[in-house]
file query.txt (compact mmCIF, C-alpha atoms)
# COMPACT_ATOMS: atom_id res chain seq x y z
CA MET D 1 86.24 104.94 136.28
CA CYS D 2 85.63 101.20 136.59
CA PRO D 3 87.84 99.20 138.97
CA LEU D 4 89.65 97.32 136.18
CA ARG D 5 90.57 100.56 134.40
CA ARG D 6 91.91 101.90 137.70
CA LEU D 7 93.96 98.74 138.12
CA GLU D 8 95.38 99.21 134.61
CA ARG D 9 96.29 102.75 135.51
CA HIS D 10 98.07 101.59 138.69
CA LEU D 11 99.90 98.95 136.67
CA GLY D 12 101.00 101.63 134.25
CA THR D 13 102.50 103.71 137.02
CA LEU D 14 104.71 100.89 138.33
CA PRO D 15 108.41 101.08 137.38
CA PRO D 16 108.93 98.92 134.24
CA LYS D 17 111.26 96.56 136.11
CA PHE D 18 108.25 95.55 138.27
CA ALA D 19 105.47 96.04 135.73
CA LEU D 20 107.06 93.89 133.02
CA PRO D 21 107.40 90.68 135.07
CA VAL D 22 103.89 91.20 136.51
CA THR D 23 102.24 91.64 133.10
CA LEU D 24 104.26 88.90 131.42
CA PHE D 25 103.48 86.42 134.20
CA TYR D 26 99.84 87.20 135.05
CA LEU D 27 98.58 88.46 131.69
CA GLU D 28 100.74 86.68 129.11
CA GLY D 29 101.02 83.47 131.13
CA MET D 30 104.80 83.18 130.76
CA SER D 31 106.94 81.14 133.14
CA TYR D 32 109.63 82.64 135.40
CA GLN D 33 112.27 81.13 133.09
CA GLU D 34 110.76 82.63 129.93
CA ILE D 35 110.56 86.06 131.57
CA ALA D 36 114.19 85.76 132.72
CA GLU D 37 115.26 84.99 129.13
CA ILE D 38 113.26 87.83 127.62
CA LEU D 39 114.41 90.42 130.12
CA GLY D 40 117.96 89.06 130.31
CA VAL D 41 117.96 88.88 134.10
CA PRO D 42 118.53 85.98 136.55
CA LEU D 43 115.58 83.86 137.64
CA GLY D 44 115.89 85.14 141.23
CA THR D 45 115.58 88.73 140.00
CA VAL D 46 112.40 87.88 138.11
CA LYS D 47 110.87 86.36 141.23
CA SER D 48 111.97 89.26 143.39
CA HIS D 49 110.62 91.88 140.96
CA LEU D 50 107.41 89.95 140.45
CA PHE D 51 106.78 89.80 144.18
CA ARG D 52 107.75 93.42 144.76
CA GLY D 53 105.61 94.49 141.80
CA LEU D 54 102.63 92.67 143.27
CA ARG D 55 103.25 94.23 146.67
CA GLU D 56 103.66 97.73 145.16
CA LEU D 57 100.46 97.33 143.22
CA ARG D 58 98.60 96.31 146.33
CA LYS D 59 99.93 99.39 148.16
CA ARG D 60 98.78 101.66 145.32
CA ILE D 61 95.36 100.07 145.22
CA GLU D 62 94.96 100.51 148.97
CA GLY D 63 96.37 104.05 148.89
CA GLY D 64 94.16 105.02 145.95
CA ASP D 65 90.98 104.05 147.76
CA ASP D 66 90.46 101.15 145.36
CA GLY D 67 89.53 98.67 148.03
CA LEU D 68 86.83 97.26 145.75
CA LEU D 69 89.55 95.69 143.64
CA LEU D 70 90.68 93.57 146.53
CA GLY D 71 87.17 92.36 147.32
CA MET I 1 104.80 94.71 156.04
CA ASP I 2 107.74 92.66 157.23
CA CYS I 3 106.94 89.00 157.46
CA CYS I 4 108.94 86.08 158.64
CA LEU I 5 108.88 84.02 155.43
CA ASP I 6 111.06 84.47 152.38
CA ASP I 7 109.46 86.51 149.54
CA ALA I 8 110.37 83.92 146.90
CA LEU I 9 108.66 81.23 148.95
CA LYS I 10 105.54 83.36 149.33
CA LEU I 11 105.50 84.05 145.59
CA ASP I 12 105.81 80.35 144.77
CA TYR I 13 102.99 79.58 147.18
CA LEU I 14 100.78 82.26 145.61
CA ASN I 15 101.47 80.93 142.14
CA GLY I 16 100.92 77.31 143.14
CA MET I 17 104.51 76.31 142.55
CA LEU I 18 105.24 74.62 145.86
CA SER I 19 105.03 70.87 146.31
CA GLU I 20 102.18 69.47 148.36
CA LYS I 21 104.52 68.96 151.31
CA GLU I 22 105.94 72.49 151.09
CA SER I 23 102.45 73.95 150.79
CA GLY I 24 101.45 72.01 153.90
CA PHE I 25 104.33 73.53 155.89
CA PHE I 26 103.53 76.96 154.48
CA GLU I 27 99.86 76.72 155.44
CA GLU I 28 100.81 75.56 158.94
CA HIS I 29 102.81 78.76 159.27
CA LEU I 30 99.94 80.86 157.88
CA ALA I 31 97.58 79.40 160.44
CA ALA I 32 99.88 80.61 163.20
CA CYS I 33 100.95 83.96 161.69
CA PRO I 34 98.26 86.63 161.12
CA GLY I 35 100.78 88.96 159.39
CA CYS I 36 101.74 86.45 156.71
CA ARG I 37 98.13 85.34 156.37
CA LYS I 38 96.92 88.87 155.68
CA GLU I 39 99.73 89.58 153.23
CA ILE I 40 99.17 86.37 151.28
CA ASP I 41 95.44 87.01 151.22
CA ASP I 42 95.93 90.57 149.89
CA LEU I 43 98.50 89.51 147.32
CA ARG I 44 96.31 86.67 146.11
CA LYS I 45 93.45 89.13 145.53
CA THR I 46 95.82 91.52 143.75
CA ALA I 47 97.13 88.73 141.51
CA ALA I 48 93.57 87.59 140.75
CA ALA I 49 92.59 91.16 139.86
CA ILE I 50 95.56 91.47 137.48
CA ALA I 51 94.77 88.13 135.88
CA GLY I 52 91.26 89.50 135.23
CA LEU I 53 92.65 92.19 132.95
CA THR I 54 92.78 91.60 129.22
CA PRO I 55 96.24 91.26 127.60
CA PRO I 56 95.69 94.16 125.13
CA SER I 57 95.72 96.51 128.11
CA VAL I 58 99.48 96.04 128.35
CA PRO I 59 101.10 99.27 127.14
CA ALA I 60 102.46 98.81 123.63
CA ALA I 61 105.84 100.24 124.64
CA TRP I 62 106.36 97.41 127.14
CA THR I 63 105.49 94.75 124.60
CA ALA I 64 107.88 96.36 122.11
CA ALA I 65 110.60 96.54 124.76
CA ALA I 66 110.11 92.86 125.56
CA LYS I 67 110.17 91.86 121.88
CA ASN I 68 113.36 93.82 121.31
CA LYS I 69 115.03 91.74 123.97
CA LEU I 70 114.06 88.42 122.41
CA PRO I 71 117.08 86.50 121.08
CA LEU I 72 117.35 86.54 117.30
CA THR I 73 116.76 82.95 116.23
CA PRO I 74 116.49 81.78 112.62
CA VAL I 75 112.94 81.23 111.50
CA PRO I 76 112.68 77.78 109.83
CA ALA I 77 109.76 78.77 107.58
CA ARG I 78 111.72 81.68 106.10
CA ARG I 79 114.74 79.44 105.57
CA ARG I 80 112.59 76.90 103.74
CA THR I 81 111.22 79.68 101.53
CA ALA I 82 114.76 80.78 100.70
CA VAL I 83 115.77 77.23 99.74
CA PHE I 84 112.72 76.84 97.50
CA GLN I 85 113.37 80.24 95.96
CA TYR I 86 116.99 79.30 95.21
CA ALA I 87 115.93 75.96 93.75
CA ALA I 88 113.33 77.65 91.54
CA ILE I 89 115.87 80.16 90.22
CA THR I 90 118.38 77.35 89.56
CA ALA I 91 115.75 75.33 87.69
CA GLY I 92 114.70 78.39 85.69
CA VAL I 93 118.22 79.35 84.67
CA THR I 94 119.12 75.74 83.82
CA ALA I 95 116.00 75.45 81.67
CA GLY I 96 116.92 78.73 79.98
CA VAL I 97 120.47 77.55 79.22
CA VAL I 98 119.24 74.21 77.86
CA LEU I 99 116.72 76.04 75.65
CA LEU I 100 119.41 78.42 74.42
CA PHE I 101 121.70 75.53 73.52
CA TRP I 102 118.87 73.74 71.77
CA LEU I 103 117.99 76.85 69.75
CA VAL I 104 121.54 77.94 68.89
CA MET I 105 123.33 74.60 68.70
CA GLY I 106 120.41 72.34 67.92
CA ARG I 107 122.16 70.72 65.04
CA GLY I 108 124.08 68.30 67.28
CA ILE I 109 127.69 67.08 67.34
CA SER I 110 127.46 65.02 64.16
CA GLU I 111 126.45 68.04 62.08
CA LEU I 112 129.01 70.21 63.85
CA ARG I 113 131.81 68.05 62.46
CA ALA I 114 130.81 69.23 59.02
CA ALA I 115 130.39 72.87 60.12
CA GLY I 116 132.89 75.68 59.60
CA PRO I 117 135.35 77.31 62.08
CA ALA I 118 132.81 80.02 63.06
CA ASP I 119 130.42 77.35 64.36
CA HIS I 120 133.22 75.72 66.32
CA VAL I 121 134.06 79.06 67.98
CA ALA I 122 130.36 79.62 68.80
CA TRP I 123 130.24 76.17 70.42
CA ILE I 124 133.33 76.85 72.50
CA LEU I 125 132.04 80.26 73.62
CA SER I 126 128.68 78.75 74.56
CA LEU I 127 130.39 76.08 76.64
CA HIS I 128 132.41 78.77 78.41
CA ALA I 129 129.17 80.64 79.15
CA LEU I 130 128.18 77.67 81.34
CA LEU I 131 130.84 78.78 83.81
CA PHE I 132 128.75 81.88 84.53
CA VAL I 133 125.57 79.96 85.31
CA PRO I 134 126.17 79.67 89.10
CA SER I 135 126.99 83.36 89.24
CA ILE I 136 123.84 84.25 87.30
CA ILE I 137 121.71 82.14 89.67
CA ASP I 138 123.34 83.71 92.70
CA ASN I 139 122.86 87.24 91.46
CA ILE I 140 119.21 86.72 90.55
CA TYR I 141 118.64 85.25 94.02
CA ARG I 142 120.32 88.23 95.71
CA ILE I 143 118.31 90.74 93.67
CA ILE I 144 115.02 88.97 94.54
CA ARG I 145 115.88 88.75 98.25
CA ARG I 146 116.93 92.40 98.38
CA GLY I 147 113.71 93.41 96.68
CA GLY I 148 111.61 91.28 99.07
CA SER I 149 113.14 92.52 102.33
call {"tool": "encode", "arguments": {"input": "query.txt", "output": "structure tokens"}}
result
Amino acid sequence: MCPLRRLERHLGTLPPKFALPVTLFYLEGMSYQEIAEILGVPLGTVKSHLFRGLRELRKRIEGGDDGLLLG
Amino acid sequence: MDCCLDDALKLDYLNGMLSEKESGFFEEHLAACPGCRKEIDDLRKTAAAIAGLTPPSVPAAWTAAAKNKLPLTPVPARRRTAVFQYAAITAGVTAGVVLLFWLVMGRGISELRAAGPADHVAWILSLHALLFVPSIIDNIYRIIRRGGS
């Protein structure tokens, strides 16, 4: 499986509360404020979940022997 | 990994949302802290890898969940369509009523003076029918909208 497909799979296994902010921010290009409005959560929660989502994803990539993704 | 800087600050740095001065302070810290430096470096690569994905890869259920949470705001284009539709129905019904009057009562007031009581009653009933015009317009509009939605 190619690295990008593996990354998609990792993203799909994240809890939605982390995966949604990550995809909306990095893939859809939305701002923190827009994401907060869509998800109905405070701005601080968006930032916290975005950061934790990123960190979780990194852990899964490292744990899944997908080091290639991180260059 | 536990680092000494606040997560929100690290996120803002990663996403280029710190001011030049704040970034300067942040980078000074990174230069002196291998733990933070490694974490930021890893997270930057992770973020870059995510940004390299194509948007259609987002699971449809997430997109649907996000759309369901969007506030319901009136759509101006639809409202404009409704106004035009209402105006068109009003114009159509008005034209119909005028045509009806012209066909039925086309003889005019001067000839009506010479007409019999039956014609007078027909005139009065026709004038009363005008009271129903707004209701007719409204009902046609409702039927069209119900059929279109």
call {"tool": "interface_residues", "arguments": {"input": "query.txt", "of": "chain I", "to": "chain D", "cutoff": "6 Å", "atoms": "only C-alpha atoms", "output": "list of chain:residue names"}}
result
I:Lys45, I:Ala51, I:Pro55, I:Lys69, I:Leu70
call {"tool": "residues_around", "arguments": {"input": "query.txt", "residues": "Asp6 in chain I", "least_positions_apart": "4", "cutoff": "12 Å", "atoms": "only C-alpha atoms", "output": "PyMOL selection string"}}
result
(chain D and resi 47-48+51) or (chain I and resi 2+10-13+26+36)
call {"tool": "atom_distance", "arguments": {"input": "query.txt", "atom1": "CA of Glu39 in chain I", "atom2": "CA of Phe25 in chain I"}}
result
16.9 Å
call {"tool": "atom_distance", "arguments": {"input": "query.txt", "atom1": "CA of Leu103 in chain I", "atom2": "CA of Ser135 in chain I"}}
result
22.4 Å
call {"tool": "atom_distance", "arguments": {"input": "query.txt", "atom1": "CA of Val41 in chain D", "atom2": "CA of Leu14 in chain I"}}
result
21.7 Å
call {"tool": "closest_residue", "arguments": {"input": "query.txt", "among": "D:Ser31, D:Thr13, D:Glu62, D:Arg6", "to": "Leu43 in chain D", "atoms": "all atoms listed in the file"}}
result
D:Ser31
call {"tool": "axis_aligned_box", "arguments": {"input": "query.txt", "around": "range 51-64 of chain D", "padding_each_side": "8 Å", "output": "lines of an AutoDock Vina configuration file"}}
result
center_x = 101.0
center_y = 97.4
center_z = 145.4
size_x = 29.6
size_y = 31.2
size_z = 23.2
